[in-house]
file coords-v7.cif (mmCIF, C-alpha atoms)
data_coords
#
loop_
_atom_site.group_PDB
_atom_site.id
_atom_site.type_symbol
_atom_site.label_atom_id
_atom_site.label_comp_id
_atom_site.auth_asym_id
_atom_site.auth_seq_id
_atom_site.Cartn_x
_atom_site.Cartn_y
_atom_site.Cartn_z
ATOM 1 C CA MET M 1 -38.414 -15.786 154.576
ATOM 2 C CA SER M 2 -40.762 -15.518 151.592
ATOM 3 C CA ALA M 3 -39.915 -17.164 148.255
ATOM 4 C CA LEU M 4 -38.181 -15.179 145.537
ATOM 5 C CA LEU M 5 -40.890 -16.255 143.071
ATOM 6 C CA GLN M 6 -44.393 -17.290 144.117
ATOM 7 C CA VAL M 7 -46.996 -18.241 141.510
ATOM 8 C CA ASP M 8 -50.374 -19.758 142.370
ATOM 9 C CA SER M 9 -52.757 -21.211 139.773
ATOM 10 C CA LEU M 10 -51.083 -19.803 136.666
ATOM 11 C CA ARG M 11 -53.214 -20.218 133.541
ATOM 12 C CA VAL M 12 -52.613 -19.419 129.884
ATOM 13 C CA ASP M 13 -55.566 -19.696 127.481
ATOM 14 C CA ILE M 14 -55.379 -19.192 123.716
ATOM 15 C CA LEU M 15 -58.409 -18.901 121.462
ATOM 16 C CA THR M 16 -57.862 -20.998 118.326
ATOM 17 C CA PRO M 17 -60.104 -21.941 115.360
ATOM 18 C CA MET M 18 -60.533 -25.353 117.009
ATOM 19 C CA GLY M 19 -61.620 -23.880 120.342
ATOM 20 C CA MET M 20 -60.003 -22.610 123.519
ATOM 21 C CA LEU M 21 -56.547 -24.057 124.073
ATOM 22 C CA HIS M 22 -55.815 -24.336 127.802
ATOM 23 C CA ALA M 23 -52.044 -24.298 127.317
ATOM 24 C CA VAL M 24 -51.157 -23.834 131.007
ATOM 25 C CA ARG M 25 -53.642 -24.987 133.634
ATOM 26 C CA GLY M 26 -53.384 -24.118 137.297
ATOM 27 C CA VAL M 27 -49.603 -24.275 137.653
ATOM 28 C CA ASP M 28 -48.147 -23.462 141.090
ATOM 29 C CA LEU M 29 -44.472 -22.507 141.291
ATOM 30 C CA ALA M 30 -42.260 -21.383 144.179
ATOM 31 C CA LEU M 31 -38.568 -20.620 143.933
ATOM 32 C CA ASP M 32 -36.051 -19.406 146.503
ATOM 33 C CA ALA M 33 -32.952 -17.312 145.810
ATOM 34 C CA GLY M 34 -30.060 -19.586 144.812
ATOM 35 C CA GLU M 35 -32.399 -22.520 144.059
ATOM 36 C CA THR M 36 -32.714 -24.376 140.739
ATOM 37 C CA LEU M 37 -36.119 -25.629 139.608
ATOM 38 C CA CYS M 38 -36.271 -27.756 136.463
ATOM 39 C CA LEU M 39 -39.425 -27.978 134.328
ATOM 40 C CA VAL M 40 -39.469 -31.192 132.308
ATOM 41 C CA GLY M 41 -41.833 -32.850 129.875
ATOM 42 C CA GLU M 42 -42.357 -33.467 126.165
ATOM 43 C CA SER M 43 -42.771 -30.703 123.619
ATOM 44 C CA GLY M 44 -46.262 -29.241 123.821
ATOM 45 C CA CYS M 45 -46.635 -29.688 127.594
ATOM 46 C CA GLY M 46 -46.625 -25.942 128.334
ATOM 47 C CA LYS M 47 -43.105 -25.442 129.722
ATOM 48 C CA SER M 48 -42.030 -22.585 127.452
ATOM 49 C CA LEU M 49 -45.430 -20.887 127.606
ATOM 50 C CA SER M 50 -45.232 -20.968 131.400
ATOM 51 C CA ALA M 51 -41.868 -19.200 131.204
ATOM 52 C CA LEU M 52 -43.141 -16.629 128.712
ATOM 53 C CA ALA M 53 -46.152 -16.020 130.962
ATOM 54 C CA LEU M 54 -43.841 -15.283 133.893
ATOM 55 C CA MET M 55 -41.889 -12.823 131.746
ATOM 56 C CA GLY M 56 -45.037 -11.189 130.328
ATOM 57 C CA LEU M 57 -43.998 -12.095 126.773
ATOM 58 C CA LEU M 58 -46.989 -14.102 125.609
ATOM 59 C CA PRO M 59 -48.372 -13.729 122.079
ATOM 60 C CA ARG M 60 -51.297 -11.350 121.716
ATOM 61 C CA ALA M 61 -53.853 -14.134 121.383
ATOM 62 C CA ALA M 62 -52.839 -15.614 124.753
ATOM 63 C CA ARG M 63 -54.431 -14.595 128.049
ATOM 64 C CA ARG M 64 -52.619 -15.024 131.360
ATOM 65 C CA SER M 65 -54.281 -15.240 134.754
ATOM 66 C CA ALA M 66 -53.171 -16.265 138.227
ATOM 67 C CA VAL M 67 -54.488 -16.183 141.762
ATOM 68 C CA HIS M 68 -51.118 -14.854 142.948
ATOM 69 C CA PHE M 69 -47.924 -13.863 141.142
ATOM 70 C CA SER M 70 -45.081 -12.133 142.970
ATOM 71 C CA LEU M 71 -41.350 -11.582 142.550
ATOM 72 C CA ALA M 72 -39.327 -10.747 145.668
ATOM 73 C CA GLY M 73 -42.551 -9.780 147.434
ATOM 74 C CA GLU M 74 -43.778 -7.460 144.665
ATOM 75 C CA ASP M 75 -47.244 -8.284 143.338
ATOM 76 C CA LEU M 76 -46.945 -8.668 139.562
ATOM 77 C CA GLN M 77 -50.453 -9.942 138.956
ATOM 78 C CA ARG M 78 -51.689 -6.386 138.558
ATOM 79 C CA ALA M 79 -48.436 -4.856 137.318
ATOM 80 C CA SER M 80 -48.742 -2.559 134.303
ATOM 81 C CA GLU M 81 -46.922 -3.305 131.062
ATOM 82 C CA ALA M 82 -44.608 -0.373 131.837
ATOM 83 C CA ARG M 83 -43.688 -1.960 135.169
ATOM 84 C CA MET M 84 -43.101 -5.360 133.536
ATOM 85 C CA ALA M 85 -40.850 -3.652 130.985
ATOM 86 C CA ASP M 86 -38.845 -2.205 133.894
ATOM 87 C CA LEU M 87 -38.440 -5.672 135.407
ATOM 88 C CA ARG M 88 -37.603 -7.635 132.235
ATOM 89 C CA GLY M 89 -33.866 -7.706 131.680
ATOM 90 C CA ASN M 90 -33.384 -6.084 135.067
ATOM 91 C CA ARG M 91 -34.841 -8.103 137.980
ATOM 92 C CA MET M 92 -35.857 -11.051 135.798
ATOM 93 C CA ALA M 93 -34.170 -12.290 132.644
ATOM 94 C CA MET M 94 -34.558 -15.136 130.174
ATOM 95 C CA ILE M 95 -32.178 -17.140 128.011
ATOM 96 C CA PHE M 96 -34.247 -18.106 124.993
ATOM 97 C CA GLN M 97 -34.362 -21.526 123.426
ATOM 98 C CA GLU M 98 -32.458 -21.085 120.177
ATOM 99 C CA PRO M 99 -29.102 -19.254 120.335
ATOM 100 C CA MET M 100 -28.791 -19.293 116.544
ATOM 101 C CA THR M 101 -31.819 -17.020 116.079
ATOM 102 C CA SER M 102 -32.234 -15.175 119.406
ATOM 103 C CA LEU M 103 -29.693 -12.454 118.632
ATOM 104 C CA ASN M 104 -30.429 -9.543 116.294
ATOM 105 C CA PRO M 105 -28.366 -10.164 113.131
ATOM 106 C CA SER M 106 -28.103 -6.448 112.307
ATOM 107 C CA TRP M 107 -26.688 -5.313 115.665
ATOM 108 C CA SER M 108 -23.176 -5.912 116.937
ATOM 109 C CA ILE M 109 -22.681 -8.090 119.998
ATOM 110 C CA GLY M 110 -21.570 -5.052 121.989
ATOM 111 C CA ASN M 111 -24.666 -3.005 121.120
ATOM 112 C CA GLN M 112 -26.985 -5.865 122.053
ATOM 113 C CA LEU M 113 -25.289 -6.364 125.403
ATOM 114 C CA GLU M 114 -25.233 -2.660 126.224
ATOM 115 C CA GLU M 115 -28.894 -2.056 125.376
ATOM 116 C CA GLY M 116 -30.296 -3.598 128.580
ATOM 117 C CA TRP M 117 -27.830 -1.779 130.835
ATOM 118 C CA LEU M 118 -28.556 1.594 129.224
ATOM 119 C CA ARG M 119 -32.321 0.962 129.414
ATOM 120 C CA HIS M 120 -32.379 -0.013 133.080
ATOM 121 C CA ARG M 121 -29.310 1.565 134.661
ATOM 122 C CA GLY M 122 -28.568 4.558 132.451
ATOM 123 C CA GLY M 123 -25.255 6.379 132.762
ATOM 124 C CA PRO M 124 -22.466 6.634 130.200
ATOM 125 C CA ARG M 125 -22.101 4.091 127.414
ATOM 126 C CA ALA M 126 -18.530 3.477 128.567
ATOM 127 C CA ALA M 127 -19.870 1.911 131.787
ATOM 128 C CA ALA M 128 -22.177 -0.344 129.785
ATOM 129 C CA ARG M 129 -19.289 -1.334 127.505
ATOM 130 C CA ALA M 130 -17.102 -2.146 130.512
ATOM 131 C CA ARG M 131 -19.860 -4.304 132.028
ATOM 132 C CA ALA M 132 -20.351 -6.120 128.706
ATOM 133 C CA LEU M 133 -16.640 -6.781 128.380
ATOM 134 C CA HIS M 134 -16.443 -8.101 131.957
ATOM 135 C CA LEU M 135 -19.346 -10.501 131.436
ATOM 136 C CA LEU M 136 -18.062 -11.808 128.091
ATOM 137 C CA GLU M 137 -14.819 -12.651 129.848
ATOM 138 C CA ARG M 138 -16.757 -14.095 132.796
ATOM 139 C CA VAL M 139 -18.694 -16.493 130.546
ATOM 140 C CA GLY M 140 -15.449 -17.754 129.041
ATOM 141 C CA ILE M 141 -15.268 -15.943 125.699
ATOM 142 C CA THR M 142 -11.674 -15.364 124.672
ATOM 143 C CA GLY M 143 -10.719 -12.123 122.941
ATOM 144 C CA ALA M 144 -13.804 -10.503 124.462
ATOM 145 C CA ALA M 145 -12.842 -6.974 123.387
ATOM 146 C CA SER M 146 -12.778 -7.936 119.709
ATOM 147 C CA ARG M 147 -16.051 -9.883 120.028
ATOM 148 C CA LEU M 148 -17.927 -6.714 120.995
ATOM 149 C CA GLY M 149 -17.636 -5.430 117.453
ATOM 150 C CA GLN M 150 -18.627 -8.702 115.792
ATOM 151 C CA TYR M 151 -22.077 -9.764 114.589
ATOM 152 C CA PRO M 152 -23.966 -12.958 115.488
ATOM 153 C CA HIS M 153 -23.216 -14.701 112.169
ATOM 154 C CA GLN M 154 -19.510 -14.500 113.003
ATOM 155 C CA LEU M 155 -19.927 -16.595 116.164
ATOM 156 C CA SER M 156 -20.441 -20.323 116.649
ATOM 157 C CA GLY M 157 -23.531 -21.694 118.365
ATOM 158 C CA GLY M 158 -21.658 -22.181 121.635
ATOM 159 C CA LEU M 159 -20.350 -18.615 121.592
ATOM 160 C CA ARG M 160 -23.814 -17.235 120.820
ATOM 161 C CA GLN M 161 -25.216 -19.128 123.773
ATOM 162 C CA ARG M 162 -22.548 -17.627 126.011
ATOM 163 C CA VAL M 163 -23.412 -14.175 124.663
ATOM 164 C CA MET M 164 -27.071 -14.840 125.517
ATOM 165 C CA ILE M 165 -26.067 -15.743 129.075
ATOM 166 C CA ALA M 166 -23.938 -12.611 129.377
ATOM 167 C CA MET M 167 -26.836 -10.510 128.054
ATOM 168 C CA ALA M 168 -29.198 -11.968 130.639
ATOM 169 C CA LEU M 169 -26.678 -11.187 133.405
ATOM 170 C CA MET M 170 -26.029 -7.554 132.451
ATOM 171 C CA CYS M 171 -28.227 -6.162 135.235
ATOM 172 C CA ALA M 172 -27.626 -9.010 137.738
ATOM 173 C CA PRO M 173 -31.228 -10.332 137.801
ATOM 174 C CA ALA M 174 -32.709 -12.052 140.840
ATOM 175 C CA LEU M 175 -34.555 -14.561 138.632
ATOM 176 C CA MET M 176 -33.117 -16.298 135.573
ATOM 177 C CA ILE M 177 -35.215 -18.462 133.250
ATOM 178 C CA ALA M 178 -33.229 -20.681 130.875
ATOM 179 C CA ASP M 179 -35.351 -22.292 128.161
ATOM 180 C CA GLU M 180 -33.413 -25.315 126.911
ATOM 181 C CA PRO M 181 -30.106 -23.415 126.917
ATOM 182 C CA THR M 182 -28.144 -26.377 125.508
ATOM 183 C CA THR M 183 -30.343 -27.056 122.456
ATOM 184 C CA ALA M 184 -28.344 -27.656 119.235
ATOM 185 C CA LEU M 185 -25.017 -27.644 121.112
ATOM 186 C CA ASP M 186 -22.620 -30.567 121.134
ATOM 187 C CA VAL M 187 -22.141 -32.589 124.301
ATOM 188 C CA THR M 188 -18.875 -30.922 125.336
ATOM 189 C CA VAL M 189 -20.303 -27.410 124.963
ATOM 190 C CA GLN M 190 -23.492 -28.488 126.771
ATOM 191 C CA ALA M 191 -21.454 -29.527 129.795
ATOM 192 C CA GLN M 192 -19.535 -26.245 129.730
ATOM 193 C CA ILE M 193 -22.734 -24.172 129.535
ATOM 194 C CA LEU M 194 -24.380 -26.053 132.416
ATOM 195 C CA HIS M 195 -21.287 -25.718 134.596
ATOM 196 C CA LEU M 196 -21.154 -22.023 133.759
ATOM 197 C CA LEU M 197 -24.816 -21.480 134.678
ATOM 198 C CA LYS M 198 -24.391 -23.139 138.069
ATOM 199 C CA GLU M 199 -21.205 -21.197 138.748
ATOM 200 C CA LEU M 200 -22.829 -17.884 137.833
ATOM 201 C CA GLN M 201 -25.906 -18.751 139.878
ATOM 202 C CA ARG M 202 -23.756 -19.184 142.969
ATOM 203 C CA GLU M 203 -21.888 -15.957 142.231
ATOM 204 C CA PHE M 204 -25.004 -13.827 141.661
ATOM 205 C CA GLY M 205 -27.348 -15.657 144.079
ATOM 206 C CA MET M 206 -30.010 -16.048 141.395
ATOM 207 C CA GLY M 207 -33.053 -18.239 141.424
ATOM 208 C CA LEU M 208 -32.896 -20.393 138.266
ATOM 209 C CA ILE M 209 -35.759 -22.006 136.354
ATOM 210 C CA LEU M 210 -34.318 -24.437 133.816
ATOM 211 C CA ILE M 211 -36.539 -25.871 131.077
ATOM 212 C CA THR M 212 -35.237 -29.043 129.474
ATOM 213 C CA HIS M 213 -36.117 -32.402 127.921
ATOM 214 C CA ASP M 214 -32.879 -33.952 129.144
ATOM 215 C CA LEU M 215 -33.313 -35.770 132.446
ATOM 216 C CA GLY M 216 -29.556 -36.253 132.629
ATOM 217 C CA ILE M 217 -29.228 -32.468 132.878
ATOM 218 C CA VAL M 218 -31.944 -32.424 135.541
ATOM 219 C CA ALA M 219 -30.088 -34.977 137.640
ATOM 220 C CA ARG M 220 -26.909 -32.883 137.525
ATOM 221 C CA VAL M 221 -28.181 -29.372 138.223
ATOM 222 C CA ALA M 222 -31.682 -29.361 139.778
ATOM 223 C CA ASP M 223 -32.682 -28.901 143.390
ATOM 224 C CA ARG M 224 -36.353 -29.551 142.610
ATOM 225 C CA VAL M 225 -38.184 -30.916 139.568
ATOM 226 C CA ALA M 226 -41.664 -30.198 138.227
ATOM 227 C CA VAL M 227 -42.943 -32.646 135.594
ATOM 228 C CA MET M 228 -45.475 -31.081 133.210
ATOM 229 C CA TYR M 229 -48.005 -32.819 130.997
ATOM 230 C CA ALA M 230 -50.746 -31.173 128.890
ATOM 231 C CA GLY M 231 -50.373 -27.846 130.693
ATOM 232 C CA GLU M 232 -50.400 -29.243 134.241
ATOM 233 C CA ILE M 233 -47.789 -30.203 136.777
ATOM 234 C CA VAL M 234 -48.397 -33.909 137.353
ATOM 235 C CA GLU M 235 -45.560 -34.489 139.806
ATOM 236 C CA GLN M 236 -42.946 -32.401 141.574
ATOM 237 C CA GLY M 237 -40.454 -32.710 144.376
ATOM 238 C CA PRO M 238 -36.771 -32.771 145.357
ATOM 239 C CA VAL M 239 -34.668 -34.150 142.518
ATOM 240 C CA ALA M 240 -33.091 -37.057 144.425
ATOM 241 C CA GLN M 241 -36.439 -38.229 145.805
ATOM 242 C CA LEU M 242 -38.257 -37.934 142.493
ATOM 243 C CA PHE M 243 -35.570 -39.882 140.621
ATOM 244 C CA ARG M 244 -35.382 -42.537 143.332
ATOM 245 C CA ARG M 245 -39.145 -42.907 143.747
ATOM 246 C CA PRO M 246 -41.088 -41.567 140.737
ATOM 247 C CA ALA M 247 -44.808 -41.831 141.451
ATOM 248 C CA HIS M 248 -46.646 -40.696 138.296
ATOM 249 C CA PRO M 249 -46.805 -43.113 135.342
ATOM 250 C CA TYR M 250 -45.651 -40.300 133.056
ATOM 251 C CA THR M 251 -42.564 -39.601 135.178
ATOM 252 C CA ARG M 252 -41.782 -43.303 135.263
ATOM 253 C CA GLY M 253 -42.184 -43.488 131.503
ATOM 254 C CA LEU M 254 -39.760 -40.609 130.968
ATOM 255 C CA LEU M 255 -37.161 -42.227 133.218
ATOM 256 C CA GLU M 256 -37.540 -45.594 131.504
ATOM 257 C CA CYS M 257 -36.593 -43.957 128.204
ATOM 258 C CA ILE M 258 -33.084 -43.226 129.525
ATOM 259 C CA PRO M 259 -30.281 -45.782 129.057
ATOM 260 C CA VAL M 260 -28.632 -46.390 132.434
ATOM 261 C CA PRO M 261 -25.260 -48.201 132.389
ATOM 262 C CA GLY M 262 -25.331 -51.228 134.647
ATOM 263 C CA ARG M 263 -29.126 -51.341 134.801
ATOM 264 C CA LEU M 264 -30.042 -51.860 131.155
ATOM 265 C CA ALA M 265 -28.926 -55.214 129.751
ATOM 266 C CA PRO M 266 -26.958 -55.098 126.475
ATOM 267 C CA GLY M 267 -29.403 -55.329 123.572
ATOM 268 C CA ALA M 268 -32.431 -54.620 125.760
ATOM 269 C CA ARG M 269 -35.053 -52.227 124.438
ATOM 270 C CA LEU M 270 -35.517 -48.826 126.028
ATOM 271 C CA GLY M 271 -38.893 -47.940 127.465
ATOM 272 C CA THR M 272 -41.320 -45.914 125.368
ATOM 273 C CA ILE M 273 -44.479 -43.888 125.955
ATOM 274 C CA PRO M 274 -47.049 -44.654 123.244
ATOM 275 C CA GLY M 275 -48.864 -41.857 121.439
ATOM 276 C CA VAL M 276 -48.327 -38.109 121.605
ATOM 277 C CA VAL M 277 -49.378 -35.238 123.855
ATOM 278 C CA SER M 278 -52.997 -34.318 123.109
ATOM 279 C CA PRO M 279 -53.596 -30.548 123.034
ATOM 280 C CA PRO M 280 -55.784 -29.511 126.000
ATOM 281 C CA LEU M 281 -58.620 -28.053 123.907
ATOM 282 C CA GLY M 282 -62.168 -27.166 124.919
ATOM 283 C CA ALA M 283 -63.890 -28.642 127.941
ATOM 284 C CA LEU M 284 -61.499 -30.971 129.719
ATOM 285 C CA ALA M 285 -62.329 -33.836 132.044
ATOM 286 C CA GLY M 286 -60.281 -36.477 133.769
ATOM 287 C CA CYS M 287 -56.567 -37.188 133.477
ATOM 288 C CA GLN M 288 -55.137 -36.033 130.147
ATOM 289 C CA PHE M 289 -52.500 -38.786 130.251
ATOM 290 C CA ARG M 290 -55.035 -41.607 130.481
ATOM 291 C CA ASN M 291 -54.972 -42.500 126.766
ATOM 292 C CA ARG M 292 -51.246 -43.219 126.987
ATOM 293 C CA CYS M 293 -51.218 -44.789 130.444
ATOM 294 C CA SER M 294 -51.086 -48.570 130.938
ATOM 295 C CA GLN M 295 -52.603 -48.186 134.418
ATOM 296 C CA ALA M 296 -55.621 -46.046 133.480
ATOM 297 C CA GLU M 297 -59.052 -47.030 134.793
ATOM 298 C CA ASP M 298 -62.571 -45.717 134.227
ATOM 299 C CA ILE M 299 -62.247 -43.127 137.004
ATOM 300 C CA CYS M 300 -59.329 -41.526 135.131
ATOM 301 C CA ALA M 301 -61.732 -40.384 132.374
ATOM 302 C CA THR M 302 -64.138 -38.593 134.693
ATOM 303 C CA HIS M 303 -62.352 -37.538 137.880
ATOM 304 C CA THR M 304 -60.172 -34.419 138.125
ATOM 305 C CA PHE M 305 -57.190 -35.140 140.332
ATOM 306 C CA GLU M 306 -55.496 -32.437 142.391
ATOM 307 C CA LEU M 307 -51.842 -32.331 143.420
ATOM 308 C CA ARG M 308 -51.519 -34.068 146.774
ATOM 309 C CA ALA M 309 -48.585 -34.356 149.129
ATOM 310 C CA LEU M 310 -46.708 -37.646 149.364
ATOM 311 C CA GLY M 311 -44.223 -36.539 152.002
ATOM 312 C CA GLY M 312 -40.738 -35.129 151.784
ATOM 313 C CA GLY M 313 -41.893 -32.299 149.538
ATOM 314 C CA GLN M 314 -43.061 -34.621 146.737
ATOM 315 C CA GLN M 315 -46.491 -34.032 145.176
ATOM 316 C CA LEU M 316 -48.537 -36.188 142.792
ATOM 317 C CA ARG M 317 -51.559 -35.668 140.528
ATOM 318 C CA CYS M 318 -52.825 -39.229 140.023
ATOM 319 C CA ARG M 319 -55.144 -41.864 141.488
ATOM 320 C CA LEU M 320 -52.156 -44.151 142.166
ATOM 321 C CA GLU M 321 -50.322 -44.356 145.439
ATOM 322 C CA ALA M 322 -46.606 -43.641 145.475
ATOM 323 C CA ASP M 323 -45.616 -47.270 146.128
ATOM 324 C CA GLN M 324 -47.717 -48.821 143.339
ATOM 325 C CA PRO M 325 -45.586 -50.302 140.527
#
call {"tool": "encode", "arguments": {"input": "coords-v7.cif", "output": "structure tokens"}}
result
Amino acid sequence: MSALLQVDSLRVDILTPMGMLHAVRGVDLALDAGETLCLVGESGCGKSLSALALMGLLPRAARRSAVHFSLAGEDLQRASEARMADLRGNRMAMIFQEPMTSLNPSWSIGNQLEEGWLRHRGGPRAAARARALHLLERVGITGAASRLGQYPHQLSGGLRQRVMIAMALMCAPALMIADEPTTALDVTVQAQILHLLKELQREFGMGLILITHDLGIVARVADRVAVMYAGEIVEQGPVAQLFRRPAHPYTRGLLECIPVPGRLAPGARLGTIPGVVSPPLGALAGCQFRNRCSQAEDICATHTFELRALGGGQQLRCRLEADQP
């Protein structure tokens, strides 16, 4: 059976005053129905731009290309903007990063939920209103009928995030992309939102791409993990294997930044990764992580490493072997 989503060599290039920014470079993604893939990495690594490229929502200055891009067997690489507009909110949907600003402040919650249904499914507004009411109740919003007439400023951050989830589910999409859906939410609400997403994924059979900085979230919800750095995937594989045996120095660095009860001695310092992500501008050569890597050698500045299989579905873009410390 073919994958729900298949993307080969996805690229996003943006012309800037400082030169060409290669924001996403040769990213390969595959996702099955009902599977959760987590994209992780620091800010500026290309995670959100990859998601926007999949949705066809890039800024005008950005240019997307790919060798292959398909959703449920349909070739989207050559799809017209009209066709992409038919798919967005219908077969593929996205929960955007900031619930406090992602809703239109001048439209009621009900109108914003109904819009996608009326655009893609048509029919009477009463059917759209009934679907909106059902989904607000399904995502755990009490007094759902009264919420339909409210405006975003009347809702808390947690409620707005639930409204965003309900909006994305209006047309029962096959693919859901959630871009840091727990940002700015307290820990209790975060746990509720993550549990809700997994529950709804099972109910609707969706493929889920979850973008996050939080490796604790990844450990709880992911089936597979792709670690991005400077626009590239540097390591990917099944979540249990990648956490148990991280191979790339960047992945190891991210995991060392997490306090683990029972493994970190009281008063011990957490691991850190020196420096910041360098923007992938202009002509690029070698490993982009080399300036922050304690294991870099001369070859890392000149050689371009490809993703290679390590076994068990794990892949690595590095000169190191998987068992090197």
call {"tool": "resolve_selection", "arguments": {"input": "coords-v7.cif", "expression": "the PyMOL selection byres ((chain M and resi 63) around 7)", "output": "PyMOL selection string"}}
result
chain M and resi 12-14+61-62+64-65
call {"tool": "write_last_selection", "arguments": {"input": "coords-v7.cif", "atoms": "C-alpha atoms", "output": "mmCIF file, in the frame of the given file"}}
result
data_model
loop_
_atom_site.group_PDB
_atom_site.id
_atom_site.type_symbol
_atom_site.label_atom_id
_atom_site.label_comp_id
_atom_site.auth_asym_id
_atom_site.auth_seq_id
_atom_site.Cartn_x
_atom_site.Cartn_y
_atom_site.Cartn_z
ATOM 1 C CA VAL M 12 -52.613 -19.419 129.884
ATOM 2 C CA ASP M 13 -55.566 -19.696 127.481
ATOM 3 C CA ILE M 14 -55.379 -19.192 123.716
ATOM 4 C CA ALA M 61 -53.853 -14.134 121.383
ATOM 5 C CA ALA M 62 -52.839 -15.614 124.753
ATOM 6 C CA ARG M 64 -52.619 -15.024 131.360
ATOM 7 C CA SER M 65 -54.281 -15.240 134.754
#
call {"tool": "resolve_selection", "arguments": {"input": "coords-v7.cif", "expression": "the PyMOL selection byres ((chain M and resi 22) around 9)", "output": "ChimeraX atom specification"}}
result
/M:11-15,20-21,23-25,230-231,279-282,284
call {"tool": "closest_residue", "arguments": {"input": "coords-v7.cif", "among": "M:Gly110, M:Leu57, M:Gly207, M:Ala72", "to": "Ala85 in chain M", "atoms": "all atoms listed in the file"}}
result
M:Leu57
call {"tool": "residues_near_point", "arguments": {"input": "coords-v7.cif", "point": "(-41.9, -18.0, 132.1)", "cutoff": "10 Å", "atoms": "only C-alpha atoms", "output": "PyMOL selection string"}}
result
chain M and resi 46-58+92-94+176-179+209+211
call {"tool": "closest_residue", "arguments": {"input": "coords-v7.cif", "among": "M:His195, M:Arg138, M:His68, M:Arg202", "to": "Ala33 in chain M", "atoms": "all atoms listed in the file"}}
result
M:Arg202
call {"tool": "atom_distance", "arguments": {"input": "coords-v7.cif", "atom1": "CA of Phe69 in chain M", "atom2": "CA of Trp117 in chain M"}}
result
25.6 Å
call {"tool": "resolve_selection", "arguments": {"input": "coords-v7.cif", "expression": "the PyMOL selection byres ((chain M and resi 299-315) around 8)", "output": "list in words"}}
result
Val234, Glu235, Gln236, Gly237, Pro238, Gln241, Leu242, Ala285, Gly286, Cys287, Arg290, Ala296, Glu297, Asp298, Leu316, Arg317, Cys318, Arg319 and Ala322 of chain M
call {"tool": "closest_residue", "arguments": {"input": "coords-v7.cif", "among": "M:Ala3, M:Val27, M:Cys45, M:Val189", "to": "His213 in chain M", "atoms": "only C-alpha atoms"}}
result
M:Cys45
call {"tool": "closest_residue", "arguments": {"input": "coords-v7.cif", "among": "M:Ala79, M:Leu37, M:Leu169, M:Val139", "to": "Ile95 in chain M", "atoms": "only C-alpha atoms"}}
result
M:Leu169
call {"tool": "atom_distance", "arguments": {"input": "coords-v7.cif", "atom1": "CA of Glu74 in chain M", "atom2": "CA of Gly41 in chain M"}}
result
29.4 Å
call {"tool": "atom_distance", "arguments": {"input": "coords-v7.cif", "atom1": "CA of Gly275 in chain M", "atom2": "CA of Pro249 in chain M"}}
result
14.1 Å
call {"tool": "residues_around", "arguments": {"input": "coords-v7.cif", "residues": "Thr272 in chain M", "least_positions_apart": "3", "cutoff": "9 Å", "atoms": "only C-alpha atoms", "output": "list in words"}}
result
Gly253, Leu254, Glu256, Cys257 and Arg269 of chain M
call {"tool": "build_atoms", "arguments": {"input": "coords-v7.cif", "residues": "range 85-93 of chain M", "atoms": "N, CA, C and O atoms", "output": "short mmCIF file (atom, residue, chain, number, x, y, z; two decimals), in the frame of the given file"}}
result
data_model
loop_
_atom_site.label_atom_id
_atom_site.label_comp_id
_atom_site.auth_asym_id
_atom_site.auth_seq_id
_atom_site.Cartn_x
_atom_site.Cartn_y
_atom_site.Cartn_z
N ALA M 85 -41.98 -4.02 131.83
CA ALA M 85 -40.85 -3.65 130.99
C ALA M 85 -39.66 -3.21 131.83
O ALA M 85 -38.50 -3.44 131.45
N ASP M 86 -39.93 -2.59 132.99
CA ASP M 86 -38.84 -2.20 133.89
C ASP M 86 -38.18 -3.42 134.54
O ASP M 86 -36.99 -3.39 134.86
N LEU M 87 -38.96 -4.48 134.74
CA LEU M 87 -38.44 -5.67 135.41
C LEU M 87 -37.71 -6.61 134.44
O LEU M 87 -36.70 -7.22 134.81
N ARG M 88 -38.22 -6.74 133.21
CA ARG M 88 -37.60 -7.64 132.24
C ARG M 88 -36.20 -7.16 131.87
O ARG M 88 -36.00 -6.00 131.50
N GLY M 89 -35.24 -8.06 131.96
CA GLY M 89 -33.87 -7.71 131.68
C GLY M 89 -33.17 -7.05 132.84
O GLY M 89 -31.96 -6.85 132.81
N ASN M 90 -33.93 -6.75 133.89
CA ASN M 90 -33.38 -6.08 135.07
C ASN M 90 -33.46 -7.02 136.27
O ASN M 90 -32.47 -7.61 136.68
N ARG M 91 -34.66 -7.20 136.84
CA ARG M 91 -34.84 -8.10 137.98
C ARG M 91 -35.11 -9.54 137.55
O ARG M 91 -34.90 -10.47 138.31
N MET M 92 -35.60 -9.72 136.33
CA MET M 92 -35.86 -11.05 135.80
C MET M 92 -35.38 -11.10 134.35
O MET M 92 -35.55 -10.13 133.60
N ALA M 93 -34.75 -12.18 133.98
CA ALA M 93 -34.17 -12.29 132.64
C ALA M 93 -34.38 -13.70 132.12
O ALA M 93 -34.60 -14.64 132.89
#
